[in-house]
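Just below is one structure, and these are the notes that go with it.
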Amino acid sequence: MLFRSTWIIEKKYNESTELAFNFVRPKVYEYLKKQRKDKSQFKFNVLIYIVYDKPEEGFDGEQIIKTETKRVNVYRKHLIQTKDDITEVDMNFINQCKNALENVSFKGSGWNMVKVDRAVIEILPIKPIRGGTYISLPKTYINPKCGLMNIQNTDEECFRYCMLYHQSAQGKNDERISKLNKINEK
């Protein structure tokens, strides 16, 4: 079973979003590099939690400030396969954060951005689909006259053996790996 790992950068940024993004960017880069060493490929999310406030009038006429924290998806299920993908994320991180903030629609509602509360990085491991090994078939399908050949192999090269069988003369016992390995691949 694959599990998601989460890393939270907890630091309050009251000054500006630009400072917050510049602080988070190298941390995201280092974390992704570390994950790349552990896993061949993975997807990741970067979420930034932003605090907004809105001045409102209370019941007794007093001015109160309503506060709400909103999650903004900066990267959502972004695929990392090579080192170059991580470098590209690092180079585009600030612009990606700004674009994500622009997509949050509070214009005209009275809500104002106060600070960046925290950033969260979620790593979503990928287990690529691969060929398997031999699986025995039900007795009704074992007969070669059905047109189905079940090649018994112990490695993960099922597709290769199927292609080799297709290239063979398809005579007696040609589904055996020892005979298939003798066929020159085209």
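Simple scheme: letters A, B, ... for chains in structure tokens order, numbers from 1 for residues in each chain, numbers from 1 for ligands in the order shown.
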*If we count only C-alpha atoms, what is near range 149-153 of chain A at a cut-off of 9 Å, once residues fewer than 5 positions away on the same chain are taken out, given as a PyMOL selection string?*
chain A and resi 133-137+141-144+158+161-162+165+175-177
Based on the selection just made, write C-alpha atoms of those residues as a PDB file, in the first residue's frame.
ATOM      1  CA  THR A 133       4.920 -13.082 -14.060  1.00  0.00           C
ATOM      2  CA  TYR A 134       3.081 -16.235 -15.019  1.00  0.00           C
ATOM      3  CA  ILE A 135      -0.495 -16.660 -13.798  1.00  0.00           C
ATOM      4  CA  SER A 136      -2.162 -20.008 -14.364  1.00  0.00           C
ATOM      5  CA  LEU A 137      -5.362 -19.913 -16.389  1.00  0.00           C
ATOM      6  CA  TYR A 141      -8.741 -21.512 -21.494  1.00  0.00           C
ATOM      7  CA  ILE A 142      -5.626 -23.729 -21.354  1.00  0.00           C
ATOM      8  CA  ASN A 143      -6.322 -25.415 -24.704  1.00  0.00           C
ATOM      9  CA  PRO A 144      -4.111 -23.826 -27.430  1.00  0.00           C
ATOM     10  CA  CYS A 158       5.631 -11.335 -20.385  1.00  0.00           C
ATOM     11  CA  TYR A 161       7.754 -13.367 -24.710  1.00  0.00           C
ATOM     12  CA  CYS A 162       4.342 -12.831 -26.292  1.00  0.00           C
ATOM     13  CA  TYR A 165       5.918 -16.227 -29.730  1.00  0.00           C
ATOM     14  CA  GLU A 175       5.518 -21.293 -25.985  1.00  0.00           C
ATOM     15  CA  ARG A 176       8.401 -22.495 -23.819  1.00  0.00           C
ATOM     16  CA  ILE A 177      10.892 -19.853 -22.767  1.00  0.00           C
TER      17      ILE A 177
END
*Write down as a ChimeraX atom specification the residues of range 16-174 of chain A whose backbone DSSP state falls under helix (DSSP H, G or I).*
/A:17-38,83-102,139-142,144-146,158-167
*Can you work out which one of A:Asp174, A:Glu122, A:Glu68, A:Asp60 has the shortest atom-to-atom distance to Leu47 in chain A, counting only C-alpha atoms?*
A:Glu122
*Quick one, how far is CA of Ile121 in chain A from CA of Asn45 in chain A?*
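The value is 5.7 Å.
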*Pick out the closest residue to Val74 in chain A from this set: A:Glu156, A:Glu102, A:Glu18, A:Asp53. Count only C-alpha atoms.*
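Closest to Val74 in chain A, using only C-alpha atoms: A:Glu102.
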*Please report, as a PyMOL selection string, each residue of range 35-181 of chain A to which DSSP assigns strand (DSSP E) when run on this structure's backbone.*
chain A and resi 42-57+63-80+112-125
_Separation of CA of Leu79 in chain A from CA of Ile94 in chain A, in Å and rounded to one decimal_ = 18.2 Å
_Env of Thr17 in chain A: 10 Å cut, atoms = only C-alpha atoms, seq-sep filter 5 positions within chain, self excluded. Answer as a PyMOL selection string._
chain A and resi 22-23+50+94+97-98+101+113-116
Using the selection just defined, write its residues with N, CA, C and O atoms as a PDB file, in the first residue's frame.
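Below is the file that was written, out-v2.pdb:
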ATOM      1  N   ASN A  22       9.527  33.317  -1.097  1.00  0.00           N
ATOM      2  CA  ASN A  22      10.985  33.195  -1.204  1.00  0.00           C
ATOM      3  C   ASN A  22      11.562  32.340  -0.086  1.00  0.00           C
ATOM      4  O   ASN A  22      12.597  31.712  -0.262  1.00  0.00           O
ATOM      5  N   PHE A  23      10.913  32.318   1.084  1.00  0.00           N
ATOM      6  CA  PHE A  23      11.357  31.459   2.175  1.00  0.00           C
ATOM      7  C   PHE A  23      10.986  30.001   1.894  1.00  0.00           C
ATOM      8  O   PHE A  23      11.771  29.090   2.146  1.00  0.00           O
ATOM      9  N   ILE A  50      -3.532  30.677   3.687  1.00  0.00           N
ATOM     10  CA  ILE A  50      -3.473  32.132   3.781  1.00  0.00           C
ATOM     11  C   ILE A  50      -4.603  32.617   4.677  1.00  0.00           C
ATOM     12  O   ILE A  50      -5.739  32.144   4.566  1.00  0.00           O
ATOM     13  N   ILE A  94       7.733  30.844  -7.664  1.00  0.00           N
ATOM     14  CA  ILE A  94       7.181  32.153  -7.273  1.00  0.00           C
ATOM     15  C   ILE A  94       6.014  32.528  -8.186  1.00  0.00           C
ATOM     16  O   ILE A  94       4.952  32.937  -7.717  1.00  0.00           O
ATOM     17  N   CYS A  97       2.976  30.441  -7.415  1.00  0.00           N
ATOM     18  CA  CYS A  97       2.308  30.910  -6.188  1.00  0.00           C
ATOM     19  C   CYS A  97       1.467  32.145  -6.476  1.00  0.00           C
ATOM     20  O   CYS A  97       0.317  32.239  -6.032  1.00  0.00           O
ATOM     21  N   LYS A  98       2.033  33.107  -7.219  1.00  0.00           N
ATOM     22  CA  LYS A  98       1.285  34.332  -7.541  1.00  0.00           C
ATOM     23  C   LYS A  98       0.041  34.015  -8.366  1.00  0.00           C
ATOM     24  O   LYS A  98      -1.029  34.578  -8.134  1.00  0.00           O
ATOM     25  N   LEU A 101      -2.640  32.583  -6.181  1.00  0.00           N
ATOM     26  CA  LEU A 101      -3.295  33.613  -5.372  1.00  0.00           C
ATOM     27  C   LEU A 101      -4.271  34.443  -6.197  1.00  0.00           C
ATOM     28  O   LEU A 101      -5.327  34.844  -5.714  1.00  0.00           O
ATOM     29  N   MET A 113      -6.167  39.962   2.293  1.00  0.00           N
ATOM     30  CA  MET A 113      -5.158  38.990   2.693  1.00  0.00           C
ATOM     31  C   MET A 113      -4.294  39.582   3.797  1.00  0.00           C
ATOM     32  O   MET A 113      -3.808  40.698   3.673  1.00  0.00           O
ATOM     33  N   VAL A 114      -4.126  38.819   4.880  1.00  0.00           N
ATOM     34  CA  VAL A 114      -3.368  39.306   6.027  1.00  0.00           C
ATOM     35  C   VAL A 114      -1.965  38.712   6.024  1.00  0.00           C
ATOM     36  O   VAL A 114      -0.975  39.422   6.108  1.00  0.00           O
ATOM     37  N   LYS A 115      -1.880  37.374   5.939  1.00  0.00           N
ATOM     38  CA  LYS A 115      -0.574  36.730   6.034  1.00  0.00           C
ATOM     39  C   LYS A 115      -0.633  35.318   5.460  1.00  0.00           C
ATOM     40  O   LYS A 115      -1.699  34.750   5.276  1.00  0.00           O
ATOM     41  N   VAL A 116       0.543  34.782   5.206  1.00  0.00           N
ATOM     42  CA  VAL A 116       0.678  33.379   4.836  1.00  0.00           C
ATOM     43  C   VAL A 116       0.895  32.620   6.137  1.00  0.00           C
ATOM     44  O   VAL A 116       1.812  32.924   6.900  1.00  0.00           O
TER      45      VAL A 116
END
*Between CA of Tyr49 in chain A and CA of Val28 in chain A, measure the distance and give it in Å to one decimal.*
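According to the coordinates, CA of Tyr49 in chain A and CA of Val28 in chain A are separated by 15.1 Å.
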For Met91 in chain A: contacts at 10 Å, only C-alpha atoms, fewer than 5 positions along chain excluded, given as an mmCIF file with all heavy atoms, in the first residue's frame:
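Output saved as out-v5.cif:
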data_model
loop_
_atom_site.group_PDB
_atom_site.id
_atom_site.type_symbol
_atom_site.label_atom_id
_atom_site.label_comp_id
_atom_site.auth_asym_id
_atom_site.auth_seq_id
_atom_site.Cartn_x
_atom_site.Cartn_y
_atom_site.Cartn_z
ATOM 1 N N ARG A 25 10.278 28.509 -1.081
ATOM 2 C CA ARG A 25 10.824 27.959 -2.335
ATOM 3 C C ARG A 25 12.040 27.049 -2.136
ATOM 4 O O ARG A 25 12.037 25.905 -2.600
ATOM 5 C CB ARG A 25 11.156 29.097 -3.293
ATOM 6 C CG ARG A 25 11.511 28.603 -4.669
ATOM 7 C CD ARG A 25 11.933 29.732 -5.580
ATOM 8 N NE ARG A 25 13.262 29.422 -6.021
ATOM 9 C CZ ARG A 25 14.248 30.281 -6.121
ATOM 10 N NH1 ARG A 25 14.090 31.536 -5.825
ATOM 11 N NH2 ARG A 25 15.421 29.885 -6.525
ATOM 12 N N TYR A 29 12.296 22.914 -2.775
ATOM 13 C CA TYR A 29 13.311 22.365 -3.680
ATOM 14 C C TYR A 29 14.126 21.266 -2.988
ATOM 15 O O TYR A 29 14.302 20.178 -3.532
ATOM 16 C CB TYR A 29 14.223 23.487 -4.170
ATOM 17 C CG TYR A 29 15.330 23.032 -5.080
ATOM 18 C CD1 TYR A 29 15.050 22.628 -6.379
ATOM 19 C CD2 TYR A 29 16.645 22.995 -4.648
ATOM 20 C CE1 TYR A 29 16.059 22.199 -7.226
ATOM 21 C CE2 TYR A 29 17.660 22.571 -5.482
ATOM 22 C CZ TYR A 29 17.359 22.171 -6.767
ATOM 23 O OH TYR A 29 18.363 21.743 -7.590
ATOM 24 N N ASP A 85 12.849 18.082 -13.758
ATOM 25 C CA ASP A 85 11.503 18.457 -13.328
ATOM 26 C C ASP A 85 11.554 19.256 -12.028
ATOM 27 O O ASP A 85 10.804 20.211 -11.853
ATOM 28 C CB ASP A 85 10.627 17.214 -13.133
ATOM 29 C CG ASP A 85 10.355 16.474 -14.425
ATOM 30 O OD1 ASP A 85 10.468 17.094 -15.505
ATOM 31 O OD2 ASP A 85 10.026 15.276 -14.363
ATOM 32 N N ILE A 86 12.446 18.867 -11.128
ATOM 33 C CA ILE A 86 12.582 19.571 -9.849
ATOM 34 C C ILE A 86 13.154 20.966 -10.081
ATOM 35 O O ILE A 86 12.694 21.942 -9.491
ATOM 36 C CB ILE A 86 13.457 18.768 -8.869
ATOM 37 C CG1 ILE A 86 12.771 17.436 -8.544
ATOM 38 C CG2 ILE A 86 13.723 19.556 -7.594
ATOM 39 C CD1 ILE A 86 13.608 16.488 -7.727
ATOM 40 N N GLN A 96 4.156 30.542 -9.939
ATOM 41 C CA GLN A 96 3.063 29.596 -9.704
ATOM 42 C C GLN A 96 2.277 30.015 -8.456
ATOM 43 O O GLN A 96 1.047 29.937 -8.447
ATOM 44 C CB GLN A 96 3.639 28.184 -9.532
ATOM 45 C CG GLN A 96 2.643 27.089 -9.634
ATOM 46 C CD GLN A 96 2.226 26.788 -11.065
ATOM 47 O OE1 GLN A 96 2.856 27.197 -12.018
ATOM 48 N NE2 GLN A 96 1.136 26.063 -11.196
#
*asked:* Can you tell me which residues surround range 56-59 of chain A at a distance of at most 12 Å, considering only C-alpha atoms, apart from same-chain residues fewer than 5 positions away, and format the answer as a list in words?
replied: Ile64, Ile65, Lys66, Thr67, Ser109, Gly110 and Trp111 of chain A
